[in-house]
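Enquirer: final_12.pdb is reproduced in full below (PDB, C-alpha atoms and all ligand atoms).
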```
ATOM      1  CA  MET A   1      79.321  36.203  30.956
ATOM      2  CA  PHE A   2      80.881  39.607  31.840
ATOM      3  CA  GLY A   3      83.142  39.382  28.794
ATOM      4  CA  LEU A   4      85.046  36.499  30.371
ATOM      5  CA  THR A   5      86.401  33.629  28.317
ATOM      6  CA  LYS A   6      84.232  30.534  28.375
ATOM      7  CA  GLU A   7      86.789  28.716  30.532
ATOM      8  CA  TYR A   8      86.706  31.367  33.265
ATOM      9  CA  SER A   9      83.015  31.959  32.929
ATOM     10  CA  ASP A  10      82.305  28.223  33.304
ATOM     11  CA  TYR A  11      84.617  28.029  36.316
ATOM     12  CA  TYR A  12      83.138  31.005  38.174
ATOM     13  CA  SER A  13      79.549  30.055  37.386
ATOM     14  CA  SER A  14      80.089  26.504  38.630
ATOM     15  CA  VAL A  15      81.566  27.845  41.906
ATOM     16  CA  ALA A  16      78.600  30.247  42.189
ATOM     17  CA  LYS A  17      76.180  27.372  41.617
ATOM     18  CA  SER A  18      77.829  25.224  44.272
ATOM     19  CA  PHE A  19      77.848  28.243  46.614
ATOM     20  CA  ARG A  20      74.081  28.593  46.225
ATOM     21  CA  THR A  21      73.535  24.976  47.237
ATOM     22  CA  VAL A  22      75.255  25.850  50.526
ATOM     23  CA  PHE A  23      73.899  29.382  51.128
ATOM     24  CA  SER A  24      70.329  30.114  50.137
ATOM     25  CA  GLN A  25      69.969  33.332  52.152
ATOM     26  CA  TYR A  26      69.895  36.825  50.668
ATOM     27  CA  ILE A  27      73.345  38.412  51.081
ATOM     28  CA  ASP A  28      73.741  42.197  51.235
ATOM     29  CA  ALA A  29      77.539  42.384  51.045
ATOM     30  CA  PHE A  30      80.778  40.412  50.965
ATOM     31  CA  VAL A  31      83.672  41.291  53.265
ATOM     32  CA  ILE A  32      87.150  39.825  52.682
ATOM     33  CA  ILE A  33      89.037  39.412  55.962
ATOM     34  CA  GLY A  34      92.832  39.885  55.992
ATOM     35  CA  SER A  35      95.558  38.194  58.085
ATOM     36  CA  GLY A  36      94.831  37.899  61.804
ATOM     37  CA  LEU A  37      91.545  39.790  61.590
ATOM     38  CA  SER A  38      89.125  36.923  62.082
ATOM     39  CA  GLU A  39      87.924  38.146  65.488
ATOM     40  CA  SER A  40      86.678  41.404  63.989
ATOM     41  CA  TYR A  41      83.231  39.966  63.234
ATOM     42  CA  SER A  42      82.945  37.685  66.296
ATOM     43  CA  GLN A  43      80.634  40.065  68.176
ATOM     44  CA  PHE A  44      77.957  39.777  65.472
ATOM     45  CA  GLU A  45      75.242  37.152  65.430
ATOM     46  CA  ILE A  46      76.508  34.245  63.345
ATOM     47  CA  VAL A  47      73.786  32.915  61.056
ATOM     48  CA  GLU A  48      75.952  30.257  59.441
ATOM     49  CA  LYS A  49      79.605  29.229  59.367
ATOM     50  CA  ILE A  50      80.819  26.908  56.614
ATOM     51  CA  PRO A  51      84.335  25.844  55.533
ATOM     52  CA  TYR A  52      85.501  26.922  52.079
ATOM     53  CA  SER A  53      85.908  23.222  51.252
ATOM     54  CA  ALA A  54      82.085  22.834  51.277
ATOM     55  CA  VAL A  55      81.887  24.837  48.037
ATOM     56  CA  ASP A  56      83.216  22.879  45.039
ATOM     57  CA  GLY A  57      86.047  24.662  43.287
ATOM     58  CA  PHE A  58      86.534  27.377  45.920
ATOM     59  CA  PRO A  59      90.315  27.859  46.421
ATOM     60  CA  LYS A  60      91.915  26.316  49.496
ATOM     61  CA  ILE A  61      93.716  28.525  52.004
ATOM     62  CA  GLY A  62      97.441  28.066  52.552
ATOM     63  CA  VAL A  63      98.606  30.835  54.938
ATOM     64  CA  ALA A  64      98.656  30.865  58.782
ATOM     65  CA  GLY A  65      96.261  33.375  60.340
ATOM     66  CA  HIS A  66      93.640  32.692  57.665
ATOM     67  CA  LEU A  67      90.838  30.328  58.683
ATOM     68  CA  GLY A  68      89.306  29.403  55.349
ATOM     69  CA  GLU A  69      85.629  29.720  56.144
ATOM     70  CA  PHE A  70      82.537  31.619  55.102
ATOM     71  CA  VAL A  71      80.821  33.270  58.059
ATOM     72  CA  LEU A  72      77.381  34.734  57.442
ATOM     73  CA  CYS A  73      76.538  37.315  60.114
ATOM     74  CA  LYS A  74      73.588  39.517  60.891
ATOM     75  CA  VAL A  75      75.138  42.969  61.238
ATOM     76  CA  ASN A  76      72.364  45.306  62.374
ATOM     77  CA  THR A  77      69.735  44.600  59.712
ATOM     78  CA  LYS A  78      72.120  43.347  57.008
ATOM     79  CA  ASN A  79      73.297  39.866  56.057
ATOM     80  CA  ILE A  80      77.029  40.165  55.586
ATOM     81  CA  LEU A  81      79.163  37.263  54.425
ATOM     82  CA  PHE A  82      82.699  37.382  55.804
ATOM     83  CA  PHE A  83      85.366  35.507  53.837
ATOM     84  CA  SER A  84      87.727  34.574  56.601
ATOM     85  CA  GLY A  85      90.950  33.943  54.746
ATOM     86  CA  ARG A  86      92.153  34.721  51.242
ATOM     87  CA  VAL A  87      94.736  33.468  48.794
ATOM     88  CA  HIS A  88      97.774  35.570  47.894
ATOM     89  CA  PHE A  89      99.782  36.060  44.750
ATOM     90  CA  TYR A  90     103.009  35.208  46.628
ATOM     91  CA  GLU A  91     101.715  31.683  47.227
ATOM     92  CA  GLY A  92     102.051  31.186  43.495
ATOM     93  CA  ARG A  93      98.290  31.050  43.037
ATOM     94  CA  LYS A  94      96.468  31.500  39.759
ATOM     95  CA  LEU A  95      94.776  34.830  39.000
ATOM     96  CA  THR A  96      91.423  33.028  38.898
ATOM     97  CA  ASP A  97      91.972  31.977  42.539
ATOM     98  CA  LEU A  98      93.067  35.481  43.513
ATOM     99  CA  LEU A  99      89.969  37.043  41.995
ATOM    100  CA  ILE A 100      87.423  34.492  43.200
ATOM    101  CA  VAL A 101      85.577  36.725  45.703
ATOM    102  CA  PRO A 102      84.766  39.665  43.388
ATOM    103  CA  ALA A 103      83.935  37.159  40.633
ATOM    104  CA  LEU A 104      81.570  35.294  42.949
ATOM    105  CA  ALA A 105      79.931  38.586  43.963
ATOM    106  CA  ALA A 106      79.299  39.444  40.319
ATOM    107  CA  TYR A 107      77.966  35.970  39.466
ATOM    108  CA  LEU A 108      75.651  35.950  42.477
ATOM    109  CA  GLY A 109      74.427  39.528  42.028
ATOM    110  CA  VAL A 110      75.921  40.738  45.325
ATOM    111  CA  LYS A 111      76.659  44.393  44.574
ATOM    112  CA  ASP A 112      78.677  45.491  47.616
ATOM    113  CA  ILE A 113      82.128  44.346  48.667
ATOM    114  CA  LEU A 114      84.489  45.545  51.373
ATOM    115  CA  VAL A 115      88.093  44.368  51.181
ATOM    116  CA  THR A 116      90.348  44.400  54.260
ATOM    117  CA  ASN A 117      94.039  43.666  54.607
ATOM    118  CA  ALA A 118      96.961  43.816  57.007
ATOM    119  CA  ALA A 119      99.414  46.506  55.914
ATOM    120  CA  GLY A 120     102.664  48.140  56.921
ATOM    121  CA  GLY A 121     102.451  51.846  57.839
ATOM    122  CA  LEU A 122     104.542  54.057  55.550
ATOM    123  CA  ASN A 123     103.001  57.320  56.732
ATOM    124  CA  HIS A 124     105.043  58.359  59.809
ATOM    125  CA  SER A 125     101.972  59.541  61.684
ATOM    126  CA  PHE A 126     100.305  56.117  61.557
ATOM    127  CA  GLU A 127     100.382  53.846  64.620
ATOM    128  CA  VAL A 128     100.152  50.072  64.917
ATOM    129  CA  SER A 129      96.492  48.892  64.943
ATOM    130  CA  ASP A 130      95.208  52.048  63.206
ATOM    131  CA  ILE A 131      92.579  51.445  60.555
ATOM    132  CA  MET A 132      93.001  53.253  57.216
ATOM    133  CA  LEU A 133      90.190  53.794  54.733
ATOM    134  CA  ILE A 134      91.669  53.241  51.278
ATOM    135  CA  GLU A 135      91.181  56.392  49.207
ATOM    136  CA  ASP A 136      93.406  55.413  46.318
ATOM    137  CA  LEU A 137      95.500  52.477  45.159
ATOM    138  CA  MET A 138      98.831  51.821  43.607
ATOM    139  CA  SER A 139      99.985  48.493  42.241
ATOM    140  CA  PHE A 140     103.605  47.363  42.348
ATOM    141  CA  MET A 141     102.411  43.798  41.924
ATOM    142  CA  PHE A 142     103.011  44.183  38.225
ATOM    143  CA  LEU A 143      99.514  42.971  37.625
ATOM    144  CA  SER A 144      98.122  45.841  35.660
ATOM    145  CA  VAL A 145      94.474  46.186  34.866
ATOM    146  CA  ASP A 146      95.338  45.112  31.352
ATOM    147  CA  GLN A 147      97.023  42.018  32.629
ATOM    148  CA  LEU A 148      94.110  41.145  34.878
ATOM    149  CA  PHE A 149      91.760  41.626  31.991
ATOM    150  CA  ARG A 150      93.888  39.805  29.476
ATOM    151  CA  VAL A 151      93.150  36.800  31.630
ATOM    152  CA  VAL A 152      89.462  37.154  31.159
ATOM    153  CA  ILE A 153      88.854  38.877  27.819
ATOM    154  CA  PRO A 154      89.629  36.668  24.822
ATOM    155  CA  ALA A 155      92.765  37.935  23.067
ATOM    156  CA  ASN A 156      90.944  37.857  19.733
ATOM    157  CA  ALA A 157      88.046  40.004  20.935
ATOM    158  CA  GLY A 158      89.726  42.941  19.194
ATOM    159  CA  ILE A 159      88.925  45.388  21.959
ATOM    160  CA  SER A 160      90.878  47.310  24.516
ATOM    161  CA  TYR A 161      89.187  47.409  27.902
ATOM    162  CA  ALA A 162      89.836  51.139  28.170
ATOM    163  CA  ALA A 163      87.761  51.897  25.104
ATOM    164  CA  VAL A 164      84.950  49.536  25.817
ATOM    165  CA  GLU A 165      81.577  50.534  27.039
ATOM    166  CA  MET A 166      80.312  47.325  28.514
ATOM    167  CA  ASP A 167      76.911  46.128  29.298
ATOM    168  CA  SER A 168      78.351  44.396  32.289
ATOM    169  CA  GLY A 169      75.676  41.740  32.070
ATOM    170  CA  ILE A 170      75.535  42.006  35.833
ATOM    171  CA  HIS A 171      72.095  41.815  37.282
ATOM    172  CA  ILE A 172      71.846  43.377  40.672
ATOM    173  CA  ASN A 173      69.685  41.453  43.069
ATOM    174  CA  ASN A 174      67.699  44.427  44.213
ATOM    175  CA  LYS A 175      65.126  43.614  46.874
ATOM    176  CA  LYS A 176      62.675  46.267  45.617
ATOM    177  CA  ASN A 177      62.886  45.900  41.841
ATOM    178  CA  GLY A 178      64.005  42.327  41.366
ATOM    179  CA  PHE A 179      66.946  41.822  39.012
ATOM    180  CA  THR A 180      68.098  44.982  37.249
ATOM    181  CA  PRO A 181      70.996  45.123  34.800
ATOM    182  CA  ILE A 182      73.759  47.657  35.329
ATOM    183  CA  HIS A 183      76.052  49.173  32.731
ATOM    184  CA  ILE A 184      79.636  50.172  33.277
ATOM    185  CA  ARG A 185      82.286  51.948  31.257
ATOM    186  CA  GLY A 186      85.556  50.091  31.179
ATOM    187  CA  ASN A 187      87.568  53.246  31.705
ATOM    188  CA  LEU A 188      85.910  54.537  34.847
ATOM    189  CA  ARG A 189      88.165  54.813  37.880
ATOM    190  CA  ASN A 190      85.843  53.258  40.364
ATOM    191  CA  GLU A 191      88.018  50.887  42.366
ATOM    192  CA  ILE A 192      86.726  52.706  45.439
ATOM    193  CA  ASN A 193      83.198  54.038  45.474
ATOM    194  CA  HIS A 194      83.697  57.621  46.607
ATOM    195  CA  ASP A 195      80.109  58.262  47.567
ATOM    196  CA  LEU A 196      80.210  55.278  49.921
ATOM    197  CA  LEU A 197      83.658  56.317  51.162
ATOM    198  CA  HIS A 198      82.310  59.741  52.204
ATOM    199  CA  ARG A 199      79.430  58.113  54.012
ATOM    200  CA  MET A 200      81.796  55.689  55.729
ATOM    201  CA  LYS A 201      83.923  58.594  56.977
ATOM    202  CA  ASP A 202      80.852  60.450  58.282
ATOM    203  CA  ASN A 203      79.618  57.312  59.982
ATOM    204  CA  LEU A 204      82.955  56.695  61.737
ATOM    205  CA  ILE A 205      83.128  60.327  62.840
ATOM    206  CA  GLN A 206      79.659  60.038  64.365
ATOM    207  CA  ARG A 207      80.775  56.889  66.143
ATOM    208  CA  LYS A 208      83.848  58.758  67.439
ATOM    209  CA  GLN A 209      85.945  55.982  65.916
ATOM    210  CA  HIS A 210      89.547  57.019  65.216
ATOM    211  CA  PHE A 211      90.581  56.237  61.632
ATOM    212  CA  ARG A 212      93.053  57.256  58.960
ATOM    213  CA  CYS A 213      92.727  57.720  55.212
ATOM    214  CA  GLY A 214      95.314  57.162  52.523
ATOM    215  CA  THR A 215      96.788  55.373  49.547
ATOM    216  CA  LEU A 216      97.472  51.645  49.636
ATOM    217  CA  LEU A 217     100.414  50.308  47.670
ATOM    218  CA  SER A 218     100.439  46.576  46.962
ATOM    219  CA  VAL A 219     103.553  44.528  46.308
ATOM    220  CA  GLN A 220     103.966  40.839  45.500
ATOM    221  CA  GLY A 221     105.869  39.927  48.692
ATOM    222  CA  PRO A 222     106.236  37.730  50.612
ATOM    223  CA  ASN A 223     109.382  39.486  51.872
ATOM    224  CA  TYR A 224     108.977  42.657  53.883
ATOM    225  CA  GLU A 225     110.675  45.819  52.634
ATOM    226  CA  THR A 226     114.359  46.811  52.712
ATOM    227  CA  PRO A 227     115.303  50.267  54.142
ATOM    228  CA  ALA A 228     115.825  51.569  50.591
ATOM    229  CA  GLU A 229     112.397  50.341  49.545
ATOM    230  CA  ILE A 230     110.830  51.885  52.654
ATOM    231  CA  ARG A 231     112.421  55.252  51.797
ATOM    232  CA  MET A 232     111.041  55.118  48.271
ATOM    233  CA  TYR A 233     107.592  53.735  49.090
ATOM    234  CA  SER A 234     107.091  56.302  51.906
ATOM    235  CA  LYS A 235     107.227  59.037  49.285
ATOM    236  CA  ILE A 236     104.344  57.622  47.283
ATOM    237  CA  ALA A 237     101.925  55.821  49.609
ATOM    238  CA  ASP A 238     100.620  55.662  53.190
ATOM    239  CA  ALA A 239     100.424  51.902  53.637
ATOM    240  CA  ILE A 240     101.791  48.795  51.946
ATOM    241  CA  GLY A 241     100.379  45.285  51.682
ATOM    242  CA  MET A 242     100.460  42.122  49.610
ATOM    243  CA  SER A 243      96.865  41.828  48.485
ATOM    244  CA  THR A 244      93.649  43.814  47.954
ATOM    245  CA  VAL A 245      94.645  45.881  44.931
ATOM    246  CA  PRO A 246      94.008  43.058  42.384
ATOM    247  CA  GLU A 247      90.633  42.281  43.938
ATOM    248  CA  LEU A 248      89.627  45.953  43.861
ATOM    249  CA  ILE A 249      90.782  46.479  40.276
ATOM    250  CA  PHE A 250      88.987  43.384  39.054
ATOM    251  CA  GLY A 251      85.840  44.012  41.098
ATOM    252  CA  SER A 252      85.539  47.549  39.770
ATOM    253  CA  ARG A 253      85.572  46.258  36.206
ATOM    254  CA  LEU A 254      82.769  43.891  37.148
ATOM    255  CA  GLY A 255      80.740  46.876  38.362
ATOM    256  CA  LEU A 256      80.862  46.141  42.089
ATOM    257  CA  ARG A 257      80.413  48.948  44.639
ATOM    258  CA  GLN A 258      83.618  48.742  46.637
ATOM    259  CA  LEU A 259      85.333  49.978  49.765
ATOM    260  CA  GLY A 260      88.695  48.971  51.199
ATOM    261  CA  VAL A 261      90.326  49.219  54.601
ATOM    262  CA  SER A 262      93.900  48.501  55.674
ATOM    263  CA  ILE A 263      94.841  47.611  59.231
ATOM    264  CA  ILE A 264      98.272  48.927  60.146
ATOM    265  CA  THR A 265     100.103  45.989  61.701
ATOM    266  CA  ASN A 266     103.603  47.511  61.793
ATOM    267  CA  LYS A 267     105.385  50.802  61.206
ATOM    268  CA  LEU A 268     107.994  50.896  58.490
ATOM    269  CA  ASN A 269     111.022  52.906  59.511
ATOM    270  CA  PRO A 270     114.082  52.968  57.196
ATOM    271  CA  ILE A 271     116.467  53.908  60.046
ATOM    272  CA  LYS A 272     115.265  51.239  62.438
ATOM    273  CA  PRO A 273     113.900  48.431  60.240
ATOM    274  CA  ASP A 274     111.831  45.875  62.142
ATOM    275  CA  PHE A 275     112.647  42.231  61.648
ATOM    276  CA  LEU A 276     109.006  41.540  61.254
ATOM    277  CA  SER A 277     107.496  38.064  61.387
ATOM    278  CA  HIS A 278     104.141  36.970  60.030
ATOM    279  CA  GLU A 279     103.132  36.131  63.645
ATOM    280  CA  GLU A 280     103.710  39.760  64.697
ATOM    281  CA  VAL A 281     101.499  40.942  61.846
ATOM    282  CA  VAL A 282      98.772  38.543  62.985
ATOM    283  CA  ILE A 283      99.023  39.732  66.640
ATOM    284  CA  ALA A 284      98.887  43.436  65.693
ATOM    285  CA  GLY A 285      95.867  42.729  63.501
ATOM    286  CA  LYS A 286      94.071  41.175  66.460
ATOM    287  CA  ASN A 287      94.486  44.420  68.417
ATOM    288  CA  ALA A 288      92.627  46.305  65.704
ATOM    289  CA  ASN A 289      89.608  44.016  65.858
ATOM    290  CA  ARG A 290      87.487  46.354  68.001
ATOM    291  CA  ALA A 291      87.945  49.280  65.612
ATOM    292  CA  LEU A 292      87.266  47.002  62.686
ATOM    293  CA  SER A 293      84.042  45.638  64.117
ATOM    294  CA  GLU A 294      82.890  49.218  64.713
ATOM    295  CA  LEU A 295      83.642  49.883  61.056
ATOM    296  CA  PHE A 296      81.648  46.796  59.952
ATOM    297  CA  SER A 297      78.721  47.956  62.022
ATOM    298  CA  GLY A 298      78.884  51.386  60.329
ATOM    299  CA  TYR A 299      79.276  49.738  56.924
ATOM    300  CA  SER A 300      76.035  47.806  57.419
ATOM    301  CA  GLU A 301      74.269  51.151  57.951
ATOM    302  CA  ILE A 302      75.539  52.847  54.794
ATOM    303  CA  ILE A 303      75.086  50.123  52.150
TER     304      ILE A 303
HETATM  305  N1  LIG B 401     104.895  45.181  54.071
HETATM  306  C1  LIG B 401     104.126  44.516  53.179
HETATM  307  N2  LIG B 401     103.008  43.874  53.520
HETATM  308  C2  LIG B 401     102.647  43.901  54.816
HETATM  309  C3  LIG B 401     103.409  44.566  55.780
HETATM  310  C4  LIG B 401     104.594  45.235  55.388
HETATM  311  O1  LIG B 401     105.327  45.829  56.198
HETATM  312  N3  LIG B 401     102.775  44.383  56.980
HETATM  313  C5  LIG B 401     101.669  43.660  56.719
HETATM  314  N4  LIG B 401     101.574  43.357  55.413
END
```
Can I see the file as structure tokens?
Expert:
Amino acid sequence: MFGLTKEYSDYYSSVAKSFRTVFSQYIDAFVIIGSGLSESYSQFEIVEKIPYSAVDGFPKIGVAGHLGEFVLCKVNTKNILFFSGRVHFYEGRKLTDLLIVPALAAYLGVKDILVTNAAGGLNHSFEVSDIMLIEDLMSFMFLSVDQLFRVVIPANAGISYAAVEMDSGIHINNKKNGFTPIHIRGNLRNEINHDLLHRMKDNLIQRKQHFRCGTLLSVQGPNYETPAEIRMYSKIADAIGMSTVPELIFGSRLGLRQLGVSIITNKLNPIKPDFLSHEEVVIAGKNANRALSELFSGYSEII
């Protein structure tokens, strides 16, 4: 399915099947929660909370600050499933593990996904605990779209993703019309859905919620940046993190409607480099939880 090799297709569909034995409810959207941000959804009514280990084949979590549980919440009128904890490339994980959430969304027919992450602020005007709507992406993870797709499209298929017009095979679980197929072009730049992004901005403005906008650059990590790297990266991006870009690239090729938000957990200054610890990132993330829960509330109104 979705042009994936049988191996990957079998893997993702078996995880999706196991997931459905655990969650039978209709789900409007998936939200991936980054480091230290697990309190951001705690004000919402929790419908169900289940450890990742309850779903056969779902990757285990290995980093502090990530809980490793699915939390289904009622956010206004929407059922939103929060993935509290993610796997990272720097843990040496497989691409299939890294891409599990967008893959699961596609296999389950969940159309909307919001990806969050903790990020360093490269833009000098950003402050710790700011939230930044991701307007554009840049990958220094050296996982290009081609590479991500080489994993899933058989090498002998004789096609280049950029030239392909795909019937995505994705059937959107639309409450009004039942299951409807959607078609995507492989070469569309739709990592972020710009219509939704505009509505998210309007919504936050109406809520008088302070927010930033900018470009997220993703690197492999896990080391934080040297002064020379900070000088270079500040010229090309507003925030830097170690995740999110692969999920957004992959999810867009699966036809998902996506938004992303970075939480600024530290400022990157080449003159006065911080000796940043993972614990500090987690603490700064916690301080952004109120702004983030406001954003989730707005998100439930615009999807
Ligand atoms: N650099 C890279 N990733 C990060 C940072 C950073 O400064 N802070 C949080 N994630």
Enquirer: To one decimal in Å, tell me the separation between CA of Val71 (chain A) and CA of Ile302 (chain A).
Expert: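 So the two atoms, CA of Val71 (chain A) and CA of Ile302 (chain A), lie 20.5 Å apart.
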Enquirer: Within 10 Å of ligand LIG 401 (chain B) (counting only C-alpha atoms and all ligand atoms), which residues show up? I'd like them as a PyMOL selection string.
Expert: chain A and resi 34-35+117-122+217-226+230+239-243+262-269+273-278+280-282+284-285
Enquirer: Apply the PyMOL selection byres (((chain A and resi 84-93) around 10) and not hetatm) to the file shown and report the selected residues as a count of residues only.
Expert: 48
Enquirer: Just so the selection is clear, what residues does the PyMOL selection byres (((chain A and resi 72) around 9) and not hetatm) cover here, as a list in words?
Expert: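 On the file shown, the PyMOL selection byres (((chain A and resi 72) around 9) and not hetatm) covers Phe23, Ile27, Glu45, Ile46, Val47, Glu48, Lys49, Ile50, Phe70, Val71, Cys73, Lys74, Asn79, Ile80, Leu81, Phe82 and Phe83 of chain A.
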Enquirer: What does the distance from CA of Leu204 (chain A) to CA of Tyr299 (chain A) come to in Å, to one decimal?
Expert: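 Taking CA of Leu204 (chain A) and CA of Tyr299 (chain A), their separation equals 9.2 Å.
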